[in-house]
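Participant: Enclosed is the structure file target07.tsv (TSV, C-alpha atoms).
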```tsv
chain	number	residue	atom	x	y	z
G	1	MET	CA	130.85	26.65	-76.07
G	2	PRO	CA	130.53	30.39	-76.58
G	3	GLY	CA	128.90	32.32	-73.70
G	4	CYS	CA	129.28	29.41	-71.25
G	5	LEU	CA	131.61	28.99	-68.33
G	6	GLY	CA	133.41	25.72	-67.84
G	7	ASN	CA	136.28	23.41	-68.54
G	8	GLN	CA	136.80	22.53	-72.18
G	9	GLU	CA	139.05	19.56	-71.40
G	10	LEU	CA	136.43	17.90	-69.17
G	11	GLY	CA	133.51	18.98	-71.30
G	12	LEU	CA	131.72	20.64	-68.36
G	13	TYR	CA	129.90	23.85	-69.19
G	14	LEU	CA	127.46	26.01	-67.26
G	15	CYS	CA	125.58	28.35	-69.56
G	16	PRO	CA	123.57	31.35	-68.24
G	17	VAL	CA	120.25	29.60	-68.93
G	18	LYS	CA	121.39	26.47	-67.13
G	19	LYS	CA	122.65	28.58	-64.17
G	20	THR	CA	119.25	30.25	-63.89
G	21	LEU	CA	117.39	26.94	-64.03
G	22	LEU	CA	119.71	25.42	-61.43
G	23	PHE	CA	119.18	28.42	-59.13
G	24	LEU	CA	115.38	28.22	-59.49
G	25	LEU	CA	115.40	24.47	-58.79
G	26	LEU	CA	117.43	24.99	-55.61
G	27	ALA	CA	115.23	27.89	-54.48
G	28	VAL	CA	112.00	25.91	-54.98
G	29	SER	CA	113.50	22.93	-53.13
G	30	ALA	CA	114.54	25.10	-50.19
G	31	VAL	CA	111.15	26.82	-49.92
G	32	SER	CA	109.24	23.54	-50.06
G	33	CYS	CA	110.99	22.42	-46.86
G	34	PHE	CA	109.01	25.05	-44.94
G	35	ASP	CA	105.52	24.49	-46.38
G	36	GLN	CA	104.32	22.93	-43.07
G	37	GLY	CA	105.37	25.87	-40.88
G	38	ASP	CA	108.39	26.31	-38.69
G	39	CYS	CA	108.04	24.19	-35.55
G	40	LEU	CA	111.30	25.24	-33.93
G	41	ASP	CA	110.45	25.91	-30.30
G	42	TYR	CA	112.47	28.54	-28.45
G	43	SER	CA	110.14	28.75	-25.46
G	44	THR	CA	111.18	27.69	-21.97
G	45	ASN	CA	109.75	27.96	-18.48
G	46	LEU	CA	113.20	28.30	-16.88
G	47	ALA	CA	114.51	31.73	-15.87
G	48	GLY	CA	118.31	31.71	-15.96
G	49	ALA	CA	120.07	33.49	-13.09
G	50	VAL	CA	123.66	34.29	-12.17
G	51	LEU	CA	125.00	35.13	-8.71
G	52	LEU	CA	127.32	38.12	-8.49
G	53	ASP	CA	129.36	39.75	-5.74
G	54	ALA	CA	127.73	43.10	-4.88
G	55	GLN	CA	131.11	44.79	-4.28
G	56	THR	CA	133.00	43.66	-7.37
G	57	GLY	CA	130.26	42.59	-9.81
G	58	THR	CA	132.15	39.37	-10.49
G	59	SER	CA	130.75	35.87	-10.39
G	60	ALA	CA	130.04	34.54	-6.89
G	61	THR	CA	129.98	30.85	-6.05
G	62	VAL	CA	127.74	29.97	-3.11
G	63	ALA	CA	127.44	26.74	-1.14
G	64	MET	CA	123.69	26.37	-1.52
G	65	ASP	CA	121.81	24.29	1.04
G	66	SER	CA	118.71	24.41	-1.16
G	67	ILE	CA	116.41	26.54	-3.28
G	68	VAL	CA	112.74	26.00	-2.49
G	69	VAL	CA	110.37	27.08	-5.26
G	70	ASP	CA	106.65	27.41	-4.53
G	71	GLY	CA	104.72	24.86	-6.57
G	72	VAL	CA	107.72	22.54	-7.03
G	73	ASN	CA	107.60	19.52	-4.74
G	74	LEU	CA	111.32	18.96	-4.29
G	75	PRO	CA	114.01	21.47	-3.29
G	76	GLN	CA	116.35	22.49	-6.10
G	77	TYR	CA	120.18	22.58	-6.02
G	78	THR	CA	120.41	20.75	-2.66
G	79	SER	CA	123.93	20.81	-1.14
G	80	GLN	CA	125.62	22.22	-4.24
G	81	SER	CA	128.08	25.03	-4.86
G	82	ILE	CA	126.57	27.17	-7.61
G	83	SER	CA	127.22	30.44	-9.39
G	84	SER	CA	124.18	30.17	-11.67
G	85	PHE	CA	120.87	28.33	-11.71
G	86	ARG	CA	117.54	28.02	-13.51
G	87	LEU	CA	114.33	28.91	-11.74
G	88	PRO	CA	111.20	27.07	-13.02
G	89	LEU	CA	108.08	29.14	-13.73
G	90	ASN	CA	104.60	27.68	-13.45
G	91	SER	CA	102.39	28.22	-16.52
G	92	THR	CA	99.24	28.23	-14.34
G	93	ARG	CA	100.40	31.27	-12.33
G	94	ASP	CA	101.63	34.79	-13.01
G	95	SER	CA	104.42	34.78	-10.41
G	96	VAL	CA	106.96	32.50	-8.75
G	97	ALA	CA	108.36	32.74	-5.23
G	98	ALA	CA	111.63	31.10	-4.21
G	99	ARG	CA	113.54	30.83	-0.96
G	100	PHE	CA	117.31	30.46	-0.97
G	101	TYR	CA	119.06	28.73	1.93
G	102	TYR	CA	122.83	28.98	1.79
G	103	GLU	CA	125.93	29.17	3.99
G	104	GLY	CA	123.80	29.87	7.05
G	105	GLY	CA	121.86	32.65	5.27
G	106	TYR	CA	118.41	33.03	3.79
G	107	HIS	CA	116.98	35.19	1.00
G	108	SER	CA	113.74	35.27	-0.92
G	109	LEU	CA	112.77	36.33	-4.42
G	110	THR	CA	109.41	36.75	-6.12
G	111	LEU	CA	109.24	37.23	-9.88
G	112	ARG	CA	106.19	38.25	-11.89
G	113	PHE	CA	105.67	37.43	-15.55
G	114	VAL	CA	103.14	37.42	-18.37
G	115	LYS	CA	102.45	34.22	-20.24
G	116	SER	CA	101.29	34.05	-23.81
G	117	VAL	CA	100.05	30.95	-25.61
G	118	MET	CA	100.73	30.94	-29.34
G	119	VAL	CA	99.85	28.45	-32.07
G	120	LEU	CA	102.62	28.54	-34.66
G	121	SER	CA	100.73	26.23	-36.99
G	122	PRO	CA	98.16	23.42	-36.57
G	123	ARG	CA	100.88	20.83	-37.03
G	124	CYS	CA	103.16	22.42	-34.42
G	125	GLY	CA	100.53	22.93	-31.74
G	126	ALA	CA	100.45	25.54	-28.97
G	127	ARG	CA	103.48	26.90	-27.12
G	128	THR	CA	103.56	28.91	-23.90
G	129	TYR	CA	105.91	31.87	-23.93
G	130	PHE	CA	106.93	33.76	-20.79
G	131	LYS	CA	107.68	37.47	-21.11
G	132	GLU	CA	107.70	40.74	-19.17
G	133	LEU	CA	109.69	39.18	-16.33
G	134	THR	CA	109.97	41.61	-13.38
G	135	VAL	CA	111.14	41.51	-9.78
G	136	ALA	CA	108.12	41.83	-7.47
G	137	GLU	CA	109.89	41.38	-4.15
G	138	THR	CA	113.33	40.37	-2.88
G	139	THR	CA	115.59	40.36	0.17
G	140	PHE	CA	118.77	40.20	-1.94
G	141	ASN	CA	120.96	43.33	-2.17
G	142	GLN	CA	119.92	43.85	-5.77
G	143	VAL	CA	118.27	41.83	-8.54
G	144	LEU	CA	118.35	43.04	-12.14
G	145	VAL	CA	116.31	41.63	-15.00
G	146	THR	CA	118.64	41.53	-18.01
G	147	ASN	CA	116.28	39.78	-20.41
G	148	SER	CA	112.55	39.84	-19.74
G	149	LYS	CA	111.67	37.16	-22.34
G	150	LEU	CA	112.39	33.54	-21.48
G	151	LEU	CA	113.91	31.77	-24.46
G	152	ASN	CA	116.05	28.65	-24.55
G	153	THR	CA	118.59	30.64	-26.57
G	154	THR	CA	119.18	32.96	-23.59
G	155	SER	CA	121.14	31.70	-20.60
G	156	VAL	CA	120.74	34.70	-18.25
G	157	ASN	CA	117.50	36.50	-17.45
G	158	ILE	CA	118.35	37.86	-14.00
G	159	LYS	CA	121.47	38.93	-12.12
G	160	ILE	CA	121.42	38.52	-8.35
G	161	TYR	CA	123.89	40.58	-6.33
G	162	LEU	CA	124.87	39.12	-2.96
```
Since I need it in another form, could you write the structure as structure tokens?
Facilitator:
Amino acid sequence: MPGCLGNQELGLYLCPVKKTLLFLLLAVSAVSCFDQGDCLDYSTNLAGAVLLDAQTGTSATVAMDSIVVDGVNLPQYTSQSISSFRLPLNSTRDSVAARFYYEGGYHSLTLRFVKSVMVLSPRCGARTYFKELTVAETTFNQVLVTNSKLLNTTSVNIKIYL
């Protein structure tokens, strides 16, 4: 067929008009998948942290006796060797305090944050987002906030130098 692309032997042709109609059909189908709003949830209440050696800046593994987080009934990471952890934030507060007991030592850390409740769509409901994460107080050598928004796509929010 003149003006059409295809294979004459198989009798398969794709003319410009048919290509346009096929493209429009695919585009409409793809858009209709999102007519109810996007309910993908990237929010989390867990601040990811890594432990680093203050001298070398490399990963440090610590034999943790426990991490005690205010507002959480049970100690976290009891009798574990860790180089990273997740610190839970409470959506009813604007800060979290944690005490770290390890290898005969003790440190404390208080983080402040802002929470924001957003409704993505009526079908999706409300989500709490944590942002503007800052260090309020610490006894560690140094704590740096590397990502102040808590998202489940981000594994590290703070770096703790021992």
Participant: Using Å and a single decimal, report how far atom CA of Ala49 of chain G sits from atom CA of Gln80 of chain G.
Facilitator: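 Atom CA of Gln80 of chain G sits 15.4 Å away from atom CA of Ala49 of chain G.
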Participant: Between G:Ser83, G:Asp70, G:Arg123, G:Pro75, which has the minimum distance to Thr58 of chain G (counting only C-alpha atoms)?
Facilitator: G:Ser83
Participant: Between atom CA of Leu46 of chain G and atom CA of Pro122 of chain G, what is the spacing in Å?
Facilitator: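 Between atom CA of Pro122 of chain G and atom CA of Leu46 of chain G the gap is 25.3 Å.
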Participant: So, with only C-alpha atoms as the atoms that count, which of G:Val68, G:Val96, G:Leu74, G:Ile82 lies closest to Leu52 of chain G?
Facilitator: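 Of the candidates, the smallest distance to Leu52 of chain G is held by G:Ile82.
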Participant: Please compute the atom CA of Asp41 of chain G-atom CA of Arg127 of chain G distance, one decimal, in Å.
Facilitator: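 The value is 7.7 Å.
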Participant: Skipping near chain neighbours, those fewer than 5 positions away, what residues fall within 10 Å of Tyr106 of chain G using all atoms listed in the file, listed as a list in words?
Facilitator: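 Returned residues: Asp65, Ser66, Ile67, Arg99, Phe100, Tyr101, Thr139 and Phe140 of chain G.
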Participant: Hey, what's within 12 Å of Thr92 of chain G if we count all atoms listed in the file and toss same-chain stuff fewer than 2 positions away? As an mmCIF file with C-alpha atoms, in the coordinates of the input, please?
Facilitator:
```cif
data_model
loop_
_atom_site.group_PDB
_atom_site.id
_atom_site.type_symbol
_atom_site.label_atom_id
_atom_site.label_comp_id
_atom_site.auth_asym_id
_atom_site.auth_seq_id
_atom_site.Cartn_x
_atom_site.Cartn_y
_atom_site.Cartn_z
ATOM 1 C CA ASN G 45 109.750 27.960 -18.480
ATOM 2 C CA GLY G 71 104.720 24.860 -6.570
ATOM 3 C CA LEU G 89 108.080 29.140 -13.730
ATOM 4 C CA ASN G 90 104.600 27.680 -13.450
ATOM 5 C CA ASP G 94 101.630 34.790 -13.010
ATOM 6 C CA SER G 95 104.420 34.780 -10.410
ATOM 7 C CA VAL G 96 106.960 32.500 -8.750
ATOM 8 C CA PHE G 113 105.670 37.430 -15.550
ATOM 9 C CA VAL G 114 103.140 37.420 -18.370
ATOM 10 C CA LYS G 115 102.450 34.220 -20.240
ATOM 11 C CA SER G 116 101.290 34.050 -23.810
ATOM 12 C CA VAL G 117 100.050 30.950 -25.610
ATOM 13 C CA THR G 128 103.560 28.910 -23.900
ATOM 14 C CA PHE G 130 106.930 33.760 -20.790
#
```
Participant: Scan for residues within 9 Å of the point (124.6, 37.1, -14.9) in the coordinates of the file, using only C-alpha atoms, and reply as a VMD selection string.
Facilitator: chain G and resid 48 to 52 59 84 146 155 to 160
Participant: Could you please take those selected residues and save C-alpha atoms as a short mmCIF file (atom, residue, chain, number, x, y, z; two decimals), in the frame of the given file?
Facilitator:
```
data_model
loop_
_atom_site.label_atom_id
_atom_site.label_comp_id
_atom_site.auth_asym_id
_atom_site.auth_seq_id
_atom_site.Cartn_x
_atom_site.Cartn_y
_atom_site.Cartn_z
CA GLY G 48 118.31 31.71 -15.96
CA ALA G 49 120.07 33.49 -13.09
CA VAL G 50 123.66 34.29 -12.17
CA LEU G 51 125.00 35.13 -8.71
CA LEU G 52 127.32 38.12 -8.49
CA SER G 59 130.75 35.87 -10.39
CA SER G 84 124.18 30.17 -11.67
CA THR G 146 118.64 41.53 -18.01
CA SER G 155 121.14 31.70 -20.60
CA VAL G 156 120.74 34.70 -18.25
CA ASN G 157 117.50 36.50 -17.45
CA ILE G 158 118.35 37.86 -14.00
CA LYS G 159 121.47 38.93 -12.12
CA ILE G 160 121.42 38.52 -8.35
#
```
Participant: Using all atoms listed in the file, which of G:Gln76, G:Thr56, G:Thr44, G:Ser81 sits nearest Ala98 of chain G?
Facilitator: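 The closest residue to Ala98 of chain G is G:Gln76.
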Participant: Ranking G:Leu120, G:Ala136, G:Ala47, G:Val69 by minimum distance to Leu150 of chain G and counting all atoms listed in the file, which one comes first?
Facilitator: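 For Leu150 of chain G, the nearest of the given residues is G:Ala47.
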Participant: With distances taken over only C-alpha atoms, which residue among G:Tyr77, G:Tyr102, G:Tyr129, G:Tyr161 lies nearest Ser43 of chain G?
Facilitator: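 Going through G:Tyr77, G:Tyr102, G:Tyr129, G:Tyr161 one by one, the smallest distance to Ser43 of chain G is for G:Tyr129.
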